[in-house]
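Dumped coords-v5.pdb below, it's PDB, C-alpha atoms:
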ATOM      1  CA  MET A 280       0.000   0.000   0.000
ATOM      2  CA  ASP A 281       1.460   3.389  -0.991
ATOM      3  CA  LEU A 282       1.341   6.469   1.211
ATOM      4  CA  TYR A 283      -1.670   8.045  -0.485
ATOM      5  CA  GLU A 284      -3.712   4.853  -0.175
ATOM      6  CA  ARG A 285      -2.813   4.597   3.495
ATOM      7  CA  LEU A 286      -3.813   8.211   4.124
ATOM      8  CA  ILE A 287      -7.113   7.758   2.301
ATOM      9  CA  GLY A 288      -7.751   4.637   4.334
ATOM     10  CA  CYS A 289      -7.348   6.664   7.542
ATOM     11  CA  ALA A 290      -9.303   9.711   6.397
ATOM     12  CA  ASP A 291     -12.263  10.906   8.458
ATOM     13  CA  GLU A 292     -14.637  13.334   6.736
ATOM     14  CA  ARG A 293     -15.858  14.966   9.947
ATOM     15  CA  TYR A 294     -12.284  15.494  11.098
ATOM     16  CA  ARG A 295     -11.448  16.884   7.652
ATOM     17  CA  GLU A 296     -14.203  19.467   8.021
ATOM     18  CA  PHE A 297     -12.793  20.425  11.427
ATOM     19  CA  GLN A 298      -9.283  20.776  10.001
ATOM     20  CA  ILE A 299     -10.512  22.940   7.124
ATOM     21  CA  ARG A 300     -11.970  25.383   9.667
ATOM     22  CA  LEU A 301      -8.833  25.194  11.821
ATOM     23  CA  VAL A 302      -6.443  26.009   8.969
ATOM     24  CA  PRO A 303      -8.323  28.514   6.770
ATOM     25  CA  ASN A 304      -5.230  29.596   4.850
ATOM     26  CA  VAL A 305      -4.663  26.093   3.431
ATOM     27  CA  SER A 306      -6.577  24.874   0.378
ATOM     28  CA  PRO A 307      -9.386  22.494   1.456
ATOM     29  CA  GLU A 308      -8.463  20.236  -1.463
ATOM     30  CA  SER A 309      -5.102  19.538   0.172
ATOM     31  CA  ILE A 310      -6.633  18.308   3.450
ATOM     32  CA  LEU A 311      -7.600  14.647   3.695
ATOM     33  CA  GLY A 312      -8.699  14.493   7.342
ATOM     34  CA  VAL A 313      -6.245  12.129   9.058
ATOM     35  CA  ARG A 314      -5.786  12.374  12.814
ATOM     36  CA  THR A 315      -2.433  13.083  14.434
ATOM     37  CA  PRO A 316      -1.849   9.672  16.113
ATOM     38  CA  GLN A 317      -2.285   7.968  12.757
ATOM     39  CA  LEU A 318       0.049  10.448  11.083
ATOM     40  CA  ARG A 319       2.692   9.823  13.738
ATOM     41  CA  SER A 320       2.384   6.083  13.164
ATOM     42  CA  ILE A 321       2.738   6.536   9.416
ATOM     43  CA  ALA A 322       5.749   8.824   9.946
ATOM     44  CA  LYS A 323       7.437   6.204  12.139
ATOM     45  CA  ASP A 324       6.909   3.498   9.532
ATOM     46  CA  LEU A 325       8.051   5.716   6.668
ATOM     47  CA  PHE A 326      11.120   6.899   8.585
ATOM     48  CA  ASN A 327      12.225   3.279   8.987
ATOM     49  CA  SER A 328      11.486   2.350   5.392
ATOM     50  CA  PRO A 329      13.583   2.419   2.190
ATOM     51  CA  GLU A 330      11.280   5.176   0.912
ATOM     52  CA  ARG A 331      12.376   7.670   3.566
ATOM     53  CA  GLU A 332      14.802   9.762   1.528
ATOM     54  CA  ALA A 333      12.573   9.784  -1.536
ATOM     55  CA  PHE A 334       9.671  11.150   0.496
ATOM     56  CA  LEU A 335      11.768  13.770   2.320
ATOM     57  CA  SER A 336      13.191  15.061  -0.946
ATOM     58  CA  ALA A 337       9.824  15.172  -2.753
ATOM     59  CA  LEU A 338       9.045  18.825  -2.012
ATOM     60  CA  PRO A 339       6.664  20.512  -2.143
ATOM     61  CA  HIS A 340       4.204  17.907  -0.940
ATOM     62  CA  ARG A 341       0.665  17.826  -2.272
ATOM     63  CA  TYR A 342      -1.222  17.220   0.948
ATOM     64  CA  TYR A 343      -1.348  18.977   4.314
ATOM     65  CA  GLU A 344      -0.954  15.598   6.026
ATOM     66  CA  GLU A 345       2.235  14.916   4.087
ATOM     67  CA  ASN A 346       3.745  18.083   5.562
ATOM     68  CA  LEU A 347       2.831  16.921   9.055
ATOM     69  CA  ILE A 348       4.341  13.504   8.370
ATOM     70  CA  HIS A 349       7.480  15.214   7.056
ATOM     71  CA  PHE A 350       8.017  17.158  10.286
ATOM     72  CA  PHE A 351       7.231  14.106  12.436
ATOM     73  CA  MET A 352       9.943  12.271  10.513
ATOM     74  CA  LEU A 353      12.467  15.089  10.978
ATOM     75  CA  ALA A 354      11.799  14.944  14.720
ATOM     76  CA  ARG A 355      13.221  11.418  14.669
ATOM     77  CA  ILE A 356      16.625  12.346  13.233
ATOM     78  CA  GLY A 357      19.205  11.663  15.937
ATOM     79  CA  ASP A 358      22.209  13.599  14.632
ATOM     80  CA  PHE A 359      22.017  17.298  15.469
ATOM     81  CA  GLU A 360      23.666  18.736  12.365
ATOM     82  CA  SER A 361      21.720  16.432  10.059
ATOM     83  CA  CYS A 362      18.492  17.403  11.775
ATOM     84  CA  VAL A 363      19.177  21.141  11.447
ATOM     85  CA  ARG A 364      19.946  20.732   7.741
ATOM     86  CA  ALA A 365      16.748  18.782   7.216
ATOM     87  CA  VAL A 366      14.684  21.341   9.145
ATOM     88  CA  ASP A 367      16.269  24.185   7.171
ATOM     89  CA  GLY A 368      15.389  22.402   3.957
ATOM     90  CA  PHE A 369      11.764  21.946   4.957
ATOM     91  CA  LEU A 370      10.830  25.199   6.719
ATOM     92  CA  PRO A 371      10.418  27.242   3.494
ATOM     93  CA  TYR A 372       7.616  24.839   2.514
ATOM     94  CA  VAL A 373       5.709  25.155   5.787
ATOM     95  CA  ASP A 374       2.544  27.110   5.053
ATOM     96  CA  CYS A 375       0.411  26.920   8.197
ATOM     97  CA  TRP A 376       0.658  27.001  11.974
ATOM     98  CA  PRO A 377      -0.190  23.327  12.747
ATOM     99  CA  VAL A 378       2.754  22.096  10.697
ATOM    100  CA  SER A 379       5.025  24.709  12.257
ATOM    101  CA  ASP A 380       3.891  23.810  15.770
ATOM    102  CA  GLN A 381       3.562  20.025  15.774
ATOM    103  CA  ALA A 382       7.061  18.609  15.983
ATOM    104  CA  THR A 383      10.082  19.221  18.200
ATOM    105  CA  PRO A 384      13.135  17.145  17.270
ATOM    106  CA  ALA A 385      14.303  15.241  20.340
ATOM    107  CA  VAL A 386      17.938  15.999  19.523
ATOM    108  CA  PHE A 387      17.224  19.734  19.873
ATOM    109  CA  ARG A 388      16.285  19.237  23.521
ATOM    110  CA  ARG A 389      19.682  17.690  24.183
ATOM    111  CA  GLU A 390      21.730  20.363  22.397
ATOM    112  CA  HIS A 391      20.542  23.747  23.648
ATOM    113  CA  LYS A 392      23.910  25.456  23.274
ATOM    114  CA  LYS A 393      24.251  24.334  19.677
ATOM    115  CA  LEU A 394      20.616  25.089  18.925
ATOM    116  CA  ILE A 395      20.315  28.706  20.069
ATOM    117  CA  PRO A 396      22.187  30.270  17.098
ATOM    118  CA  HIS A 397      19.781  28.479  14.772
ATOM    119  CA  VAL A 398      16.794  29.602  16.846
ATOM    120  CA  LYS A 399      17.948  33.197  16.476
ATOM    121  CA  ARG A 400      18.425  32.707  12.747
ATOM    122  CA  TRP A 401      14.953  31.215  12.330
ATOM    123  CA  ILE A 402      13.338  34.028  14.320
ATOM    124  CA  SER A 403      15.018  36.601  12.085
ATOM    125  CA  SER A 404      13.513  35.035   8.950
ATOM    126  CA  VAL A 405      10.982  36.982   6.877
ATOM    127  CA  HIS A 406       9.126  33.713   6.255
ATOM    128  CA  VAL A 407       6.274  33.700   8.786
ATOM    129  CA  TYR A 408       6.338  30.025   9.673
ATOM    130  CA  THR A 409      10.117  29.818   9.894
ATOM    131  CA  ALA A 410      10.022  32.696  12.377
ATOM    132  CA  ARG A 411       7.096  31.112  14.206
ATOM    133  CA  PHE A 412       9.004  27.834  14.476
ATOM    134  CA  GLY A 413      12.010  29.671  15.935
ATOM    135  CA  LEU A 414       9.821  31.461  18.467
ATOM    136  CA  ARG A 415       8.216  28.177  19.470
ATOM    137  CA  MET A 416      11.654  26.632  20.016
ATOM    138  CA  LEU A 417      12.547  29.655  22.149
ATOM    139  CA  MET A 418       9.373  29.149  24.187
ATOM    140  CA  ASN A 419       9.613  25.384  24.538
ATOM    141  CA  GLU A 420      13.324  25.055  25.188
ATOM    142  CA  TYR A 421      14.571  28.265  26.825
ATOM    143  CA  LEU A 422      12.169  29.248  29.584
ATOM    144  CA  GLY A 423      13.730  26.809  32.016
ATOM    145  CA  GLU A 424      17.233  26.630  33.414
ATOM    146  CA  ASP A 425      18.745  27.771  30.113
ATOM    147  CA  PHE A 426      16.790  31.030  30.173
ATOM    148  CA  SER A 427      18.603  34.273  29.385
ATOM    149  CA  PRO A 428      17.218  37.842  29.574
ATOM    150  CA  GLU A 429      18.138  38.287  25.919
ATOM    151  CA  TYR A 430      15.559  35.699  24.843
ATOM    152  CA  PRO A 431      12.351  37.629  25.619
ATOM    153  CA  GLU A 432      14.018  40.580  23.928
ATOM    154  CA  LEU A 433      14.323  38.439  20.792
ATOM    155  CA  ALA A 434      10.592  37.752  20.888
ATOM    156  CA  ALA A 435       9.623  41.343  21.730
ATOM    157  CA  SER A 436      11.714  42.798  18.925
ATOM    158  CA  LYS A 437      10.318  40.515  16.213
ATOM    159  CA  GLU A 438       8.295  42.635  13.813
ATOM    160  CA  GLY A 439       5.559  41.541  11.450
ATOM    161  CA  GLU A 440       1.858  41.981  10.842
ATOM    162  CA  ASP A 441       0.907  38.368  10.199
ATOM    163  CA  TYR A 442      -1.720  37.134  12.668
ATOM    164  CA  TYR A 443      -0.036  33.759  13.226
ATOM    165  CA  LEU A 444       3.313  35.391  13.912
ATOM    166  CA  LYS A 445       1.861  37.864  16.409
ATOM    167  CA  MET A 446      -0.120  35.107  18.097
ATOM    168  CA  MET A 447       3.090  33.128  18.599
ATOM    169  CA  ILE A 448       4.773  36.124  20.236
ATOM    170  CA  ALA A 449       1.770  36.512  22.535
ATOM    171  CA  TRP A 450       1.891  32.797  23.332
ATOM    172  CA  TYR A 451       5.595  33.100  24.132
ATOM    173  CA  PHE A 452       5.001  35.904  26.626
ATOM    174  CA  ALA A 453       1.964  34.230  28.194
ATOM    175  CA  THR A 454       4.072  31.131  28.789
ATOM    176  CA  ALA A 455       6.949  33.262  30.056
ATOM    177  CA  LEU A 456       4.575  34.856  32.579
ATOM    178  CA  ALA A 457       3.905  31.363  33.891
ATOM    179  CA  LYS A 458       7.555  30.298  33.985
ATOM    180  CA  ARG A 459       9.672  33.481  34.290
ATOM    181  CA  TYR A 460       7.227  35.999  35.732
ATOM    182  CA  ASP A 461       9.718  38.308  37.451
ATOM    183  CA  GLU A 462      11.888  38.566  34.357
ATOM    184  CA  VAL A 463       9.130  39.307  31.847
ATOM    185  CA  VAL A 464       6.456  41.247  33.729
ATOM    186  CA  PRO A 465       8.420  44.499  33.101
ATOM    187  CA  TYR A 466       7.585  44.080  29.403
ATOM    188  CA  PHE A 467       3.950  44.588  30.396
ATOM    189  CA  GLU A 468       4.534  47.248  33.041
ATOM    190  CA  GLN A 469       6.537  49.284  30.539
ATOM    191  CA  ARG A 470       4.185  48.362  27.657
ATOM    192  CA  ARG A 471       7.081  47.289  25.508
ATOM    193  CA  LEU A 472       4.977  45.016  23.323
ATOM    194  CA  GLU A 473       2.688  45.964  20.479
ATOM    195  CA  GLU A 474      -0.746  46.676  21.962
ATOM    196  CA  TRP A 475      -2.487  43.695  20.372
ATOM    197  CA  ILE A 476       0.266  41.323  21.521
ATOM    198  CA  HIS A 477       0.258  42.907  24.990
ATOM    199  CA  ARG A 478      -3.478  42.304  25.414
ATOM    200  CA  LYS A 479      -3.482  38.837  23.871
ATOM    201  CA  ALA A 480      -0.581  37.668  26.052
ATOM    202  CA  ILE A 481      -2.347  38.883  29.202
ATOM    203  CA  GLN A 482      -5.558  37.204  28.063
ATOM    204  CA  LYS A 483      -3.785  33.884  27.550
ATOM    205  CA  ALA A 484      -1.979  34.232  30.898
ATOM    206  CA  LEU A 485      -5.295  34.866  32.665
ATOM    207  CA  GLU A 486      -6.659  31.691  31.074
ATOM    208  CA  SER A 487      -3.660  29.637  32.204
ATOM    209  CA  CYS A 488      -3.746  27.434  35.286
ATOM    210  CA  ARG A 489       0.033  27.878  35.573
ATOM    211  CA  VAL A 490      -0.188  31.580  36.479
ATOM    212  CA  SER A 491      -0.925  32.269  40.154
ATOM    213  CA  ASP A 492      -4.065  34.095  41.257
ATOM    214  CA  GLU A 493      -1.885  36.836  42.717
ATOM    215  CA  HIS A 494      -0.105  37.360  39.420
ATOM    216  CA  LYS A 495      -3.381  37.277  37.509
ATOM    217  CA  ALA A 496      -4.817  39.974  39.723
ATOM    218  CA  TYR A 497      -1.841  42.215  38.967
ATOM    219  CA  LEU A 498      -1.925  41.446  35.252
ATOM    220  CA  ARG A 499      -5.557  42.591  35.107
ATOM    221  CA  THR A 500      -4.395  46.041  36.202
ATOM    222  CA  LEU A 501      -2.014  46.109  33.223
ATOM    223  CA  LYS A 502      -4.597  45.385  30.538
TER     224      LYS A 502
END
How does this structure look as structure tokens?
Amino acid sequence: MDLYERLIGCADERYREFQIRLVPNVSPESILGVRTPQLRSIAKDLFNSPEREAFLSALPHRYYEENLIHFFMLARIGDFESCVRAVDGFLPYVDCWPVSDQATPAVFRREHKKLIPHVKRWISSVHVYTARFGLRMLMNEYLGEDFSPEYPELAASKEGEDYYLKMMIAWYFATALAKRYDEVVPYFEQRRLEEWIHRKAIQKALESCRVSDEHKAYLRTLK
């Protein structure tokens, strides 16, 4: 059974309709309606098959699900430099937020010092979903013990009018309020963020169970 036949065999029309609404900037004709656990299973099988390199080099893909499979496969690459090269080769073809947000290569989590120059490079990209991917890496990997005050500055200084880019910046700061409150609350006190991002980040922080009631009360005064 080839990949397309397997995807069609897993397709769910109701889920397809949901995905079409979720990703309005992607052509409905490119969405088959396959759920994430099935895509991960397909990616695992394809990664371990002789067809792996042929699939990874066959860009651009036709279907939304193929892009998700592609990133799930890249997340399995164990060599850091090889993984970065593969991610760099794929990011220009990413055209929506679910593909940008789904996968985090495991090797990246083990190589934070090597990764950060690439994160900075991705964030600086003019391609929306490359920049969004870099911001998500910054959020996922560098709000813990490897945090540096320069990192929220990277997010705050990223310019762009795209909704999905600005939403990622807001998501970064909402998460930072949960994990690094003392370091990032000055961005809100000094209103250093674009107004829409400022308000959206506070909104998301107020909705989070990881932000304390005390901090939420103060954040409401900053809206």
Could you make a table, as JSON lines, of the residues of range 296-340 of chain A that have an atom within 10 Å of an atom of range 377-398 of chain A, each with its nearest atom pair and distance in Å to one decimal, counting all atoms listed in the file, in chain and number order?
{"residue": "A:Gln298", "atom": "CA", "partner": "A:Pro377", "partner_atom": "CA", "distance": 9.8}
{"residue": "A:Leu301", "atom": "CA", "partner": "A:Pro377", "partner_atom": "CA", "distance": 8.9}
{"residue": "A:Val302", "atom": "CA", "partner": "A:Pro377", "partner_atom": "CA", "distance": 7.8}
{"residue": "A:Thr315", "atom": "CA", "partner": "A:Gln381", "partner_atom": "CA", "distance": 9.3}
Output of the above residues as a tab-separated table (two decimals), in the frame of the given file, restricted to C-alpha atoms:
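Everything below was put into selection-v5.tsv:
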chain	number	residue	atom	x	y	z
A	298	GLN	CA	-9.28	20.78	10.00
A	301	LEU	CA	-8.83	25.19	11.82
A	302	VAL	CA	-6.44	26.01	8.97
A	315	THR	CA	-2.43	13.08	14.43
Q | Distance in Å - CA of Leu456 in chain A versus CA of Phe426 in chain A | A |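 So the answer is 13.0 Å.
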Q. Which residue, A:Leu498, A:Val407, A:Met352, A:Cys375, has the smallest gap to His477 in chain A when you use all atoms listed in the file?
A. A:Leu498
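Take the candidates A:Thr500, A:Pro303, A:Phe369, A:Phe359 and check each one against Leu335 in chain A using only C-alpha atoms; the shortest distance goes to A:Phe369.
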Q.
Assuming the chain letters and numbering stay as they are in my file, what does the PyMOL selection byres ((chain A and resi 449) around 12) actually select? List them as a VMD selection string.
A. chain A and resid 411 414 to 415 418 431 434 to 435 437 442 to 448 450 to 456 466 to 467 472 to 484
